[in-house]
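To keep things clear, I will list the structure first and then write my remarks on it.
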Amino acid sequence: MTDAVLFDAREDGIAIITINRPEQRNALRKEVRDGLFAAWERFEKDPALRIAILTGAGEKAFCAGGDLKEMVETGMSVPARDMFPIPYDNIELTKPTIAAVNGVAFAGGWMISQACDLCVAATHAKFAITEVKVGRGSPWAAPLIHMIPQRIFMEIVLTGKPITAQRAYEIGLVNRLAEPEALMDAAIELAREVLDGAPLSVKAARETVMLSTEMGRGAALQAARAAHEMTYNSQDAQEGPRAFAEKRKPEWKGR
């Protein structure tokens with residue numbers, strides 16, 4: 001890890017990953033990209049960590065996107081497939097993630113927040129896919145069709161104009177809003193709500209959501225049954241009903 005990306009492994013199973021270049025609006029410069037790749041790998045490999053929160057340092061920017069100066073200097077055309085760290089795309093993760101958007105999430109900033117499973121945004125945050133303004137492309141935006149209506153998606157990518165956090169919440173891009181000073185508390189609260197669930201059930205539930213975006217109804221149902229088989233056969237599947245009957249909090253084992 002470098003100081004461009006901070007990693008906080010909390011004892012409650014939550015990892016907080018912070019892009020730490022506020023003076024550069026947390027842009028995806030090389031040191032940030034390298035730091036994010038390392039952070040996601042560390043999160044995935046640590047069995048004690050069950051969920052991650054991605055945020056940015058400062059209150060102005062979550063991430064302003066790619067470094068346009070770097071693009072000019074390198075003469076970048078099509079970005080290499082492994083250039084930008086995108087969870088569940090070119091980064092293999094099996095655990096849930098939350099984006100805590102603390103300011104502008106433009107272009108690549110939108111990209112990495114979109115890639116996370118859930119999103120909490122500060123009320124002053126703004127989102128934009130600005131590529132049409134600088135002659136670049138946004139193929140990574142394709143999965144948005146599973147998140148927001150087509151006409152809204154079309155307007156966002158054709159105009160490149162920012163939308164407010166409130167608007168992002170209204171169209172379903174953001175799960176929860178929070179005042180800036182309460183953003184991380186809100187993200188941690190959401191993470192804890194996920195952690196309250198049985199680990200294998202959470203894993204299978206996440207897989208079901210992703211399967212459903214890739215398949216038709218019948219195929220998704222069949223694949224989801226297979227994804228949940230381990231859950232049904234686990235010790236936790238017996239512990240949950242037992243704890244309910246005994247009126248106590250379940251003690252999950254993740255097996």
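Following the order of the structure tokens, first chain is A, next is B, and so on, with residues numbered from 1 inside each chain and ligands from 1 in the order they appear.
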Spatial neighbours of Lys133 of chain A, 12 Å, only C-alpha atoms, chain gap at least 4 places, as a count of residues only: 14
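Non-sequential neighbours of segment 16-32 of chain A (distance at most 8 Å, separation of 6 or more positions within a chain, only C-alpha atoms) are Thr2, Asp3, Ala4, Val5, Leu6, Phe7, Asp8, Ala9, Arg10, Ala39, Ala52, Ile53, Leu54, Thr55, Gly56, Ala57, Gly58, Lys60, Ala61, Phe62, Cys63, Ala64, Gly65, Gly66, Asp67, Glu70, Phe84, Gly108 and Gly109 of chain A.
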Go ahead and save the residues from that selection, with C-alpha atoms, as a PDB file, in the first residue's frame.
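Output file out-v9.pdb follows:
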```
ATOM      1  CA  THR A   2       1.054   3.621  -0.585  1.00  0.00           C
ATOM      2  CA  ASP A   3      -0.194   6.872   0.903  1.00  0.00           C
ATOM      3  CA  ALA A   4      -2.145   7.464  -2.328  1.00  0.00           C
ATOM      4  CA  VAL A   5      -4.661   4.886  -1.106  1.00  0.00           C
ATOM      5  CA  LEU A   6      -5.283   4.224   2.575  1.00  0.00           C
ATOM      6  CA  PHE A   7      -6.502   0.898   3.933  1.00  0.00           C
ATOM      7  CA  ASP A   8      -8.221   0.523   7.290  1.00  0.00           C
ATOM      8  CA  ALA A   9      -8.951  -3.079   8.313  1.00  0.00           C
ATOM      9  CA  ARG A  10     -11.458  -2.727  11.117  1.00  0.00           C
ATOM     10  CA  ALA A  39      -6.200  -2.544  -1.710  1.00  0.00           C
ATOM     11  CA  ALA A  52     -15.473  -2.918   1.966  1.00  0.00           C
ATOM     12  CA  ILE A  53     -16.305   0.781   1.792  1.00  0.00           C
ATOM     13  CA  LEU A  54     -14.608   2.839  -0.939  1.00  0.00           C
ATOM     14  CA  THR A  55     -14.407   6.601  -0.411  1.00  0.00           C
ATOM     15  CA  GLY A  56     -12.251   9.631  -1.142  1.00  0.00           C
ATOM     16  CA  ALA A  57     -10.316  11.990   1.113  1.00  0.00           C
ATOM     17  CA  GLY A  58     -11.685  15.481   1.637  1.00  0.00           C
ATOM     18  CA  LYS A  60     -14.802  18.091  -2.620  1.00  0.00           C
ATOM     19  CA  ALA A  61     -14.200  14.921  -4.605  1.00  0.00           C
ATOM     20  CA  PHE A  62     -14.811  11.216  -4.343  1.00  0.00           C
ATOM     21  CA  CYS A  63     -12.882  10.859  -7.603  1.00  0.00           C
ATOM     22  CA  ALA A  64     -12.748  13.285 -10.517  1.00  0.00           C
ATOM     23  CA  GLY A  65     -11.901  10.510 -12.997  1.00  0.00           C
ATOM     24  CA  GLY A  66      -8.838   9.827 -15.078  1.00  0.00           C
ATOM     25  CA  ASP A  67      -5.879  12.177 -15.276  1.00  0.00           C
ATOM     26  CA  GLU A  70      -1.512  11.857 -18.223  1.00  0.00           C
ATOM     27  CA  PHE A  84      -8.328   1.123 -14.227  1.00  0.00           C
ATOM     28  CA  GLY A 108     -13.809   7.331 -13.887  1.00  0.00           C
ATOM     29  CA  GLY A 109     -15.118   8.359 -10.476  1.00  0.00           C
TER      30      GLY A 109
END
```
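If only C-alpha atoms are the atoms counted, then among A:Pro96, A:Glu229, A:Trp110, A:Ala204 the closest residue to Glu131 of chain A is A:Trp110.
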Non-local contacts of Pro241 of chain A (12 Å; only C-alpha atoms; under 5 positions in same chain excluded) as a PyMOL selection string: chain A and resi 198+232+235-236+246-252
Within 12 Å of Met210 of chain A using only C-alpha atoms, minus same-chain residues under 5 positions, as a VMD selection string: chain A and resid 88 94 96 115 to 117 143 146 to 147 203 to 205 215 to 216 220 to 221 223 to 224 227
Per-residue DSSP, segment 15-188 of chain A, filtered to strand (DSSP E or B), as JSON, numbers by chain: {"A": [15, 16, 17, 18, 19, 51, 52, 53, 54, 55, 56, 61, 62, 63, 87, 91, 97, 98, 99, 100, 101, 104, 105, 106, 118, 119, 120, 121, 122, 126, 127, 128, 163, 164, 176, 177, 178]}
Sel. of helix (DSSP H, G or I) residues, segment 76-215 of chain A, as a PyMOL selection string: chain A and resi 108-115+131-134+139-146+150-159+165-170+180-195+199-214
